[in-house]
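What follows is the content of coords-v1.cif, which has mmCIF, C-alpha atoms:
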```
data_final
loop_
_atom_site.label_atom_id
_atom_site.label_comp_id
_atom_site.auth_asym_id
_atom_site.auth_seq_id
_atom_site.Cartn_x
_atom_site.Cartn_y
_atom_site.Cartn_z
CA MET A 1 29.68 -1.17 -51.90
CA LYS A 2 28.22 -2.86 -54.93
CA ARG A 3 26.87 -0.62 -57.67
CA ASP A 4 23.38 -2.17 -57.48
CA LEU A 5 22.92 -0.62 -54.03
CA MET A 6 22.22 2.65 -55.88
CA GLU A 7 18.80 1.26 -56.82
CA ILE A 8 17.64 1.41 -53.18
CA LEU A 9 19.72 4.20 -51.59
CA CYS A 10 18.49 7.74 -51.00
CA CYS A 11 19.47 10.68 -48.79
CA PRO A 12 18.81 9.71 -45.13
CA MET A 13 17.53 13.21 -44.39
CA CYS A 14 15.33 14.37 -47.33
CA LYS A 15 14.98 10.91 -48.98
CA GLY A 16 15.95 12.48 -52.32
CA ASP A 17 18.06 10.88 -55.04
CA LEU A 18 21.84 10.69 -54.72
CA VAL A 19 24.59 11.18 -57.30
CA LEU A 20 27.41 8.65 -57.16
CA GLU A 21 31.00 9.66 -57.79
CA VAL A 22 33.59 6.89 -57.77
CA THR A 23 37.25 7.55 -56.99
CA GLU A 24 38.33 3.92 -56.53
CA GLU A 25 36.72 0.70 -57.74
CA ASN A 26 37.94 -2.90 -58.00
CA GLU A 27 36.42 -5.94 -59.74
CA LYS A 28 34.05 -6.51 -56.80
CA GLU A 29 32.85 -3.12 -55.60
CA ILE A 30 33.21 0.63 -55.22
CA VAL A 31 35.94 1.12 -52.60
CA LYS A 32 36.04 4.90 -52.36
CA GLY A 33 33.82 7.71 -53.53
CA THR A 34 30.93 9.95 -52.55
CA LEU A 35 27.15 10.04 -52.69
CA PHE A 36 25.88 13.59 -53.18
CA CYS A 37 22.44 14.94 -52.27
CA GLY A 38 21.79 18.08 -54.34
CA LYS A 39 18.75 19.09 -52.30
CA CYS A 40 20.64 19.04 -48.95
CA ASN A 41 23.96 20.00 -50.60
CA GLU A 42 25.53 17.19 -48.60
CA TYR A 43 28.22 14.61 -49.48
CA TYR A 44 28.08 11.11 -47.97
CA PRO A 45 31.51 9.41 -48.17
CA ILE A 46 32.19 5.81 -49.22
CA ASP A 47 35.29 4.49 -47.39
CA ASP A 48 36.72 0.94 -47.41
CA GLY A 49 33.71 -0.10 -49.49
CA ILE A 50 31.18 1.04 -46.86
CA PRO A 51 28.88 4.01 -47.57
CA ASN A 52 28.60 6.34 -44.57
CA MET A 53 24.96 7.41 -44.53
CA LEU A 54 24.91 8.69 -40.96
CA PRO A 55 23.25 12.11 -40.59
CA PRO A 56 26.00 14.76 -40.98
CA GLU A 57 25.95 15.70 -37.26
CA LEU A 58 26.65 12.09 -36.22
CA ARG A 59 29.57 11.49 -38.55
CA GLU A 60 32.96 10.72 -37.02
CA MET B 1 20.67 5.14 -31.53
CA ALA B 2 22.01 6.79 -28.43
CA ILE B 3 25.59 7.96 -29.02
CA ASN B 4 26.79 6.13 -25.90
CA SER B 5 25.43 2.85 -27.23
CA VAL B 6 27.13 3.37 -30.60
CA ASN B 7 30.53 3.95 -28.97
CA LEU B 8 30.04 0.99 -26.67
CA PHE B 9 29.35 -1.45 -29.51
CA ASP B 10 32.05 -0.02 -31.74
CA LYS B 11 34.63 -0.45 -28.98
CA ASN B 12 33.51 -3.91 -27.85
CA TRP B 13 32.77 -5.52 -31.21
CA GLU B 14 34.91 -8.60 -30.46
CA ARG B 15 33.28 -9.26 -27.11
CA TYR B 16 29.84 -8.77 -28.65
CA ASP B 17 30.49 -11.22 -31.46
CA ASP B 18 32.04 -13.73 -29.08
CA TRP B 19 28.81 -13.89 -27.04
CA PHE B 20 27.19 -15.93 -29.84
CA GLU B 21 29.94 -18.57 -29.64
CA LYS B 22 29.70 -18.81 -25.86
CA ASN B 23 25.89 -18.94 -25.79
CA LYS B 24 25.15 -21.30 -28.68
CA ASN B 25 21.91 -22.71 -27.23
CA THR B 26 20.42 -19.31 -26.48
CA TYR B 27 21.41 -18.02 -29.91
CA SER B 28 20.01 -21.11 -31.61
CA SER B 29 16.67 -20.86 -29.73
CA GLU B 30 16.38 -17.20 -30.77
CA LEU B 31 17.09 -18.04 -34.42
CA LYS B 32 14.42 -20.76 -34.39
CA ALA B 33 11.79 -18.34 -33.07
CA LEU B 34 12.71 -15.72 -35.69
CA LYS B 35 12.64 -18.29 -38.53
CA LYS B 36 8.95 -18.93 -37.76
CA VAL B 37 7.98 -15.50 -39.09
CA ILE B 38 10.59 -14.59 -41.74
CA PRO B 39 9.02 -14.39 -45.21
CA GLU B 40 10.63 -14.91 -48.61
CA GLY B 41 12.07 -11.92 -50.40
CA PHE B 42 14.34 -8.92 -50.07
CA GLY B 43 15.17 -8.12 -46.45
CA LEU B 44 16.84 -5.42 -44.35
CA GLU B 45 18.16 -5.75 -40.82
CA VAL B 46 18.23 -2.51 -38.81
CA GLY B 47 20.98 -2.66 -36.17
CA VAL B 48 22.59 -5.54 -38.05
CA GLY B 49 25.68 -5.57 -35.80
CA SER B 50 28.06 -8.31 -36.88
CA GLY B 51 25.43 -10.05 -39.02
CA ARG B 52 24.74 -12.94 -36.63
CA PHE B 53 21.00 -12.75 -37.36
CA ALA B 54 20.91 -11.28 -40.88
CA GLN B 55 23.10 -14.02 -42.34
CA PRO B 56 21.20 -17.16 -41.20
CA LEU B 57 17.82 -15.42 -41.68
CA GLY B 58 18.55 -14.27 -45.23
CA ALA B 59 18.43 -10.48 -44.82
CA LYS B 60 20.62 -9.22 -47.70
CA ILE B 61 21.03 -5.62 -46.51
CA GLY B 62 22.22 -4.45 -43.08
CA ILE B 63 22.53 -1.02 -41.50
CA ASP B 64 24.28 -0.14 -38.24
CA PRO B 65 26.01 2.92 -36.73
CA SER B 66 29.14 0.90 -35.75
CA ARG B 67 31.80 0.59 -38.46
CA ASN B 68 33.71 -2.16 -36.63
CA MET B 69 30.59 -4.32 -36.37
CA LEU B 70 29.82 -3.76 -40.05
CA LYS B 71 33.24 -5.04 -41.10
CA LEU B 72 32.29 -8.41 -39.58
CA ALA B 73 28.81 -8.38 -41.13
CA LYS B 74 30.38 -7.65 -44.52
CA LYS B 75 32.63 -10.69 -44.14
CA ARG B 76 29.45 -12.70 -43.50
CA GLY B 77 28.17 -11.66 -46.93
CA ILE B 78 25.77 -8.87 -45.94
CA LYS B 79 25.65 -5.68 -48.02
CA VAL B 80 26.33 -3.13 -45.29
CA ILE B 81 25.63 0.56 -44.81
CA LEU B 82 26.85 2.79 -41.98
CA GLY B 83 23.78 4.63 -40.72
CA GLU B 84 21.05 4.82 -38.12
CA GLY B 85 17.56 3.38 -37.95
CA GLU B 86 16.06 6.78 -37.14
CA ASN B 87 17.09 8.11 -40.58
CA LEU B 88 17.14 5.22 -43.05
CA PRO B 89 18.85 5.97 -46.39
CA PHE B 90 16.45 3.74 -48.37
CA LYS B 91 13.66 4.66 -50.77
CA ASP B 92 10.00 4.13 -49.78
CA PHE B 93 8.50 0.67 -50.46
CA THR B 94 11.86 -1.13 -50.92
CA PHE B 95 11.80 -4.26 -48.72
CA ASP B 96 9.70 -7.41 -48.33
CA PHE B 97 10.75 -7.58 -44.70
CA VAL B 98 12.54 -5.49 -42.08
CA LEU B 99 14.14 -7.26 -39.14
CA ILE B 100 15.06 -5.54 -35.84
CA VAL B 101 16.67 -7.83 -33.23
CA VAL B 102 17.63 -6.70 -29.70
CA THR B 103 18.02 -3.16 -31.01
CA LEU B 104 14.89 -1.31 -29.86
CA CYS B 105 16.10 -1.71 -26.26
CA PHE B 106 19.21 0.36 -27.07
CA VAL B 107 17.62 3.31 -28.89
CA ASP B 108 16.31 6.57 -27.41
CA ASN B 109 13.11 6.57 -29.38
CA PRO B 110 11.87 3.19 -30.70
CA GLU B 111 8.84 4.84 -32.36
CA ASN B 112 11.12 6.72 -34.78
CA ILE B 113 12.84 3.47 -35.78
CA LEU B 114 9.53 1.70 -36.40
CA ASN B 115 8.13 4.61 -38.44
CA GLU B 116 11.19 4.51 -40.70
CA ALA B 117 11.02 0.70 -40.97
CA SER B 118 7.38 1.02 -41.98
CA ARG B 119 8.22 3.62 -44.64
CA VAL B 120 10.79 1.40 -46.41
CA LEU B 121 8.54 -1.69 -46.37
CA LYS B 122 6.60 -2.63 -49.49
CA MET B 123 2.82 -2.93 -49.12
CA GLU B 124 2.16 -6.34 -47.47
CA GLY B 125 5.79 -6.28 -46.30
CA ARG B 126 6.59 -7.71 -42.88
CA LEU B 127 8.05 -6.01 -39.83
CA ILE B 128 9.74 -8.45 -37.44
CA VAL B 129 11.00 -7.43 -34.01
CA GLY B 130 12.94 -9.74 -31.69
CA GLU B 131 13.49 -8.48 -28.14
CA ILE B 132 14.23 -9.45 -24.58
CA ASN B 133 10.83 -9.51 -22.84
CA ARG B 134 10.91 -7.39 -19.70
CA GLU B 135 8.08 -9.43 -18.20
CA SER B 136 10.01 -12.70 -18.14
CA GLN B 137 12.55 -14.38 -15.90
CA LEU B 138 15.31 -13.50 -18.34
CA GLY B 139 14.06 -9.91 -18.58
CA GLN B 140 14.17 -9.60 -14.81
CA LEU B 141 17.66 -11.08 -14.78
CA TYR B 142 18.87 -8.51 -17.31
CA GLU B 143 17.13 -5.72 -15.40
CA ALA B 144 19.05 -6.80 -12.29
CA LYS B 145 22.32 -7.02 -14.25
CA ARG B 146 21.97 -3.52 -15.67
CA GLU B 147 23.97 -1.97 -12.87
CA LYS B 148 27.00 -4.12 -13.63
CA SER B 149 26.76 -4.92 -17.35
CA GLU B 150 28.50 -2.48 -19.62
CA PHE B 151 26.16 -3.44 -22.48
CA TYR B 152 22.86 -3.51 -20.65
CA LYS B 153 23.17 -0.49 -18.40
CA LEU B 154 22.07 1.62 -21.38
CA ALA B 155 19.17 -0.65 -22.27
CA ALA B 156 15.42 -0.18 -21.70
CA PHE B 157 13.42 -3.38 -22.05
CA TYR B 158 9.78 -3.74 -23.13
CA SER B 159 7.06 -6.35 -22.73
CA GLY B 160 5.60 -8.19 -25.74
CA ASN B 161 2.39 -6.18 -25.44
CA GLU B 162 4.27 -2.88 -25.37
CA ILE B 163 5.98 -3.83 -28.64
CA ILE B 164 2.62 -4.74 -30.21
CA GLU B 165 1.32 -1.33 -29.09
CA MET B 166 4.35 0.33 -30.79
CA PHE B 167 3.47 -1.54 -34.02
CA ASN B 168 -0.06 -0.07 -33.90
CA LYS B 169 1.32 3.44 -33.51
CA ALA B 170 3.66 2.93 -36.49
CA GLY B 171 0.73 1.81 -38.66
CA ILE B 172 1.82 -1.84 -38.71
CA ARG B 173 -0.93 -4.44 -38.24
CA TYR B 174 0.08 -7.08 -35.69
CA VAL B 175 -0.08 -10.61 -37.12
CA GLU B 176 1.59 -13.15 -34.85
CA SER B 177 4.17 -13.70 -32.14
CA TYR B 178 6.49 -16.44 -30.90
CA GLN B 179 8.49 -16.83 -27.74
CA THR B 180 11.43 -18.87 -26.55
CA LEU B 181 13.77 -19.06 -23.53
CA THR B 182 10.67 -19.63 -21.40
CA GLU B 183 12.51 -21.78 -18.87
CA SER B 184 16.22 -22.42 -19.00
CA LEU B 185 19.03 -20.90 -21.03
CA GLU B 186 20.95 -24.16 -20.88
CA MET B 187 18.91 -26.03 -23.46
CA GLU B 188 17.93 -25.28 -27.00
CA GLU B 189 14.18 -24.67 -27.05
CA GLU B 190 11.41 -24.95 -29.67
CA PRO B 191 9.48 -21.69 -30.12
CA LYS B 192 5.94 -21.42 -28.76
CA LYS B 193 3.07 -19.11 -29.78
CA GLY B 194 2.63 -15.89 -27.83
CA ALA B 195 4.82 -13.17 -26.33
CA ASP B 196 3.81 -13.13 -22.68
CA ARG B 197 6.45 -15.12 -20.81
CA GLY B 198 9.38 -16.04 -23.08
CA GLY B 199 12.72 -14.42 -22.32
CA PHE B 200 13.02 -13.70 -26.04
CA VAL B 201 9.91 -12.69 -27.99
CA VAL B 202 9.35 -12.27 -31.72
CA ILE B 203 6.57 -9.95 -32.90
CA ALA B 204 5.52 -9.89 -36.57
CA GLY B 205 3.20 -7.48 -38.35
CA VAL B 206 2.37 -6.28 -41.86
CA LYS B 207 2.12 -2.92 -43.59
CA ASP B 208 -1.29 -2.59 -45.24
#
```

Kindly transcribe the structure held in the file into structure tokens.
Amino acid sequence: MKRDLMEILCCPMCKGDLVLEVTEENEKEIVKGTLFCGKCNEYYPIDDGIPNMLPPELRE
Amino acid sequence: MAINSVNLFDKNWERYDDWFEKNKNTYSSELKALKKVIPEGFGLEVGVGSGRFAQPLGAKIGIDPSRNMLKLAKKRGIKVILGEGENLPFKDFTFDFVLIVVTLCFVDNPENILNEASRVLKMEGRLIVGEINRESQLGQLYEAKREKSEFYKLAAFYSGNEIIEMFNKAGIRYVESYQTLTESLEMEEEPKKGADRGGFVVIAGVKD
């Protein structure tokens, strides 16, 4: 995902702000990392450049 | 979205995407009807699938619960997010328009999707729904095919008026509608006003 997506993303459950942590990034985008919601104490993973914002119970 | 529908689309992503190549006239008629109501600005497609609508209609952001579909949408230049329309991961008042095409018929609770779409729209933002109209020849055909079609057996179709009624409940003011596929699927067709008899109907409303 591109970094500018952070401007519009929020937690899908509580709609609160997310904290981005990047573990892998190339010249185009963030490839791997997490988006953390402090209020829900929940991590949303970014894999293959796609953020997984499914509610925790629906995640694969 | 219903879990069964998610698995179905994730498994059959190639077949789904191929439909648009095999049904060029139908696809093109649907795009023309949608283009009538798409405004300028920053757009989201809910249930973006492989990006076949988002890309030509200029929706920059797409969300879908199928990862395999999203890989295709990403290749088509859409910024994609894995997620579901019932719980959108976007801040309030973000988009100028939200597009939902042949997606409401696959979800358990369309009202939840429309409420979330309404939340992420800016004031004066547009909600645009494209659906198969149950009260049309095509709708009846799909209803009859449900038994045999792997895709459509999980679907529940609505009439144009039922969709307008859903808009009201979600606090979206109905503005206009267009319809296409009124007669044959063989020919490309120009959209007409209304949502009473077309096989594919487009309903547009605003948040105010």

Specify as a PDB file with C-alpha atoms, keeping the file's coordinate frame all residues of chain B found within 7 Å of chain A, counting all atoms listed in the file.
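Once written, result02.pdb looks like this:
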```pdb
ATOM      1  CA  VAL B  80      26.330  -3.130 -45.290  1.00  0.00           C
ATOM      2  CA  ILE B  81      25.630   0.560 -44.810  1.00  0.00           C
ATOM      3  CA  LEU B  82      26.850   2.790 -41.980  1.00  0.00           C
ATOM      4  CA  GLY B  83      23.780   4.630 -40.720  1.00  0.00           C
ATOM      5  CA  GLU B  84      21.050   4.820 -38.120  1.00  0.00           C
ATOM      6  CA  ASN B  87      17.090   8.110 -40.580  1.00  0.00           C
ATOM      7  CA  LEU B  88      17.140   5.220 -43.050  1.00  0.00           C
ATOM      8  CA  PRO B  89      18.850   5.970 -46.390  1.00  0.00           C
ATOM      9  CA  PHE B  90      16.450   3.740 -48.370  1.00  0.00           C
ATOM     10  CA  LYS B  91      13.660   4.660 -50.770  1.00  0.00           C
ATOM     11  CA  THR B  94      11.860  -1.130 -50.920  1.00  0.00           C
TER      12      THR B  94
END
```

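Contact shell of Arg173 (chain B) at 8 Å (all atoms listed in the file; same-chain neighbours under 3 positions omitted): B:Phe167, B:Asn168, B:Gly205, B:Val206, B:Lys207, B:Asp208.
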
Would you output that residue set with C-alpha atoms, as a compact mmCIF listing (two decimals), in the frame of the given file?
```txt
# COMPACT_ATOMS: atom_id res chain seq x y z
CA PHE B 167 3.47 -1.54 -34.02
CA ASN B 168 -0.06 -0.07 -33.90
CA GLY B 205 3.20 -7.48 -38.35
CA VAL B 206 2.37 -6.28 -41.86
CA LYS B 207 2.12 -2.92 -43.59
CA ASP B 208 -1.29 -2.59 -45.24
```

Next item on the list: Determine the residue membership of the PyMOL selection byres ((chain B and resi 169) around 12) for the file above and supply it as a ChimeraX atom specification.
Entry: /B:110-115,118,162-168,170-174,207

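Here CA of Lys193 (chain B) stands at a distance of 11.7 Å from CA of Val175 (chain B).
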
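Compared by their closest atoms to Val22 (chain A), and using all atoms listed in the file, the residues A:Pro56, A:Thr34, A:Cys40, A:Arg3 rank with A:Thr34 nearest.
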
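Rounded to one decimal, CA of Ile100 (chain B) and CA of Gly47 (chain B) lie 6.6 Å from each other.
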
Margin query: For this structure, which residues satisfy the selection - the PyMOL selection byres ((chain B and resi 108) around 10) - when it is evaluated on the file as given? I want them as a PyMOL selection string.
Written below: chain B and resi 1-3+5+86+104-107+109-113+154-156

Applying 12 Å and all atoms listed in the file, which residues near Ala144 (chain B) remain after dropping the ones on its own chain fewer than 6 positions away? List them as an mmCIF file with C-alpha atoms, keeping the file's coordinate frame.
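Output file around.cif follows:
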```
data_model
loop_
_atom_site.group_PDB
_atom_site.id
_atom_site.type_symbol
_atom_site.label_atom_id
_atom_site.label_comp_id
_atom_site.auth_asym_id
_atom_site.auth_seq_id
_atom_site.Cartn_x
_atom_site.Cartn_y
_atom_site.Cartn_z
ATOM 1 C CA ARG B 134 10.910 -7.390 -19.700
ATOM 2 C CA GLN B 137 12.550 -14.380 -15.900
ATOM 3 C CA LEU B 138 15.310 -13.500 -18.340
ATOM 4 C CA TYR B 152 22.860 -3.510 -20.650
ATOM 5 C CA LYS B 153 23.170 -0.490 -18.400
ATOM 6 C CA ALA B 155 19.170 -0.650 -22.270
ATOM 7 C CA PHE B 157 13.420 -3.380 -22.050
#
```

Which residues, written as a PDB file with C-alpha atoms, keeping the file's coordinate frame, have at least one atom at most 8 Å from region 66-73 of chain B, with only C-alpha atoms counted and residues fewer than 5 positions away on the same chain left out?
```pdb
ATOM      1  CA  VAL B   6      27.130   3.370 -30.600  1.00  0.00           C
ATOM      2  CA  ASN B   7      30.530   3.950 -28.970  1.00  0.00           C
ATOM      3  CA  PHE B   9      29.350  -1.450 -29.510  1.00  0.00           C
ATOM      4  CA  ASP B  10      32.050  -0.020 -31.740  1.00  0.00           C
ATOM      5  CA  LYS B  11      34.630  -0.450 -28.980  1.00  0.00           C
ATOM      6  CA  TRP B  13      32.770  -5.520 -31.210  1.00  0.00           C
ATOM      7  CA  VAL B  48      22.590  -5.540 -38.050  1.00  0.00           C
ATOM      8  CA  GLY B  49      25.680  -5.570 -35.800  1.00  0.00           C
ATOM      9  CA  SER B  50      28.060  -8.310 -36.880  1.00  0.00           C
ATOM     10  CA  GLY B  51      25.430 -10.050 -39.020  1.00  0.00           C
ATOM     11  CA  ARG B  52      24.740 -12.940 -36.630  1.00  0.00           C
ATOM     12  CA  ILE B  78      25.770  -8.870 -45.940  1.00  0.00           C
ATOM     13  CA  VAL B  80      26.330  -3.130 -45.290  1.00  0.00           C
ATOM     14  CA  ILE B  81      25.630   0.560 -44.810  1.00  0.00           C
ATOM     15  CA  LEU B  82      26.850   2.790 -41.980  1.00  0.00           C
TER      16      LEU B  82
END
```

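Put simply, CA of Ala204 (chain B) is 14.0 Å away from CA of Pro191 (chain B).
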
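Nearest to Asp4 (chain A) of all the residues B:Phe95, B:Gly41, B:Lys36, B:Lys79 is B:Lys79, counting only C-alpha atoms.
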
Notebook entry, point to check: Written as an MDAnalysis selection string, what is the full residue list that the PyMOL selection byres ((chain B and resi 139) around 9) yields on the file shown?
Noted result: chainID B and resid 132:138 140:144 157:159 198:200

Output file for the residues above (C-alpha atoms, as a tab-separated table (two decimals), in the frame of the given file):
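Written file, part_10.tsv:
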```
chain	number	residue	atom	x	y	z
B	132	ILE	CA	14.23	-9.45	-24.58
B	133	ASN	CA	10.83	-9.51	-22.84
B	134	ARG	CA	10.91	-7.39	-19.70
B	135	GLU	CA	8.08	-9.43	-18.20
B	136	SER	CA	10.01	-12.70	-18.14
B	137	GLN	CA	12.55	-14.38	-15.90
B	138	LEU	CA	15.31	-13.50	-18.34
B	140	GLN	CA	14.17	-9.60	-14.81
B	141	LEU	CA	17.66	-11.08	-14.78
B	142	TYR	CA	18.87	-8.51	-17.31
B	143	GLU	CA	17.13	-5.72	-15.40
B	144	ALA	CA	19.05	-6.80	-12.29
B	157	PHE	CA	13.42	-3.38	-22.05
B	158	TYR	CA	9.78	-3.74	-23.13
B	159	SER	CA	7.06	-6.35	-22.73
B	198	GLY	CA	9.38	-16.04	-23.08
B	199	GLY	CA	12.72	-14.42	-22.32
B	200	PHE	CA	13.02	-13.70	-26.04
```
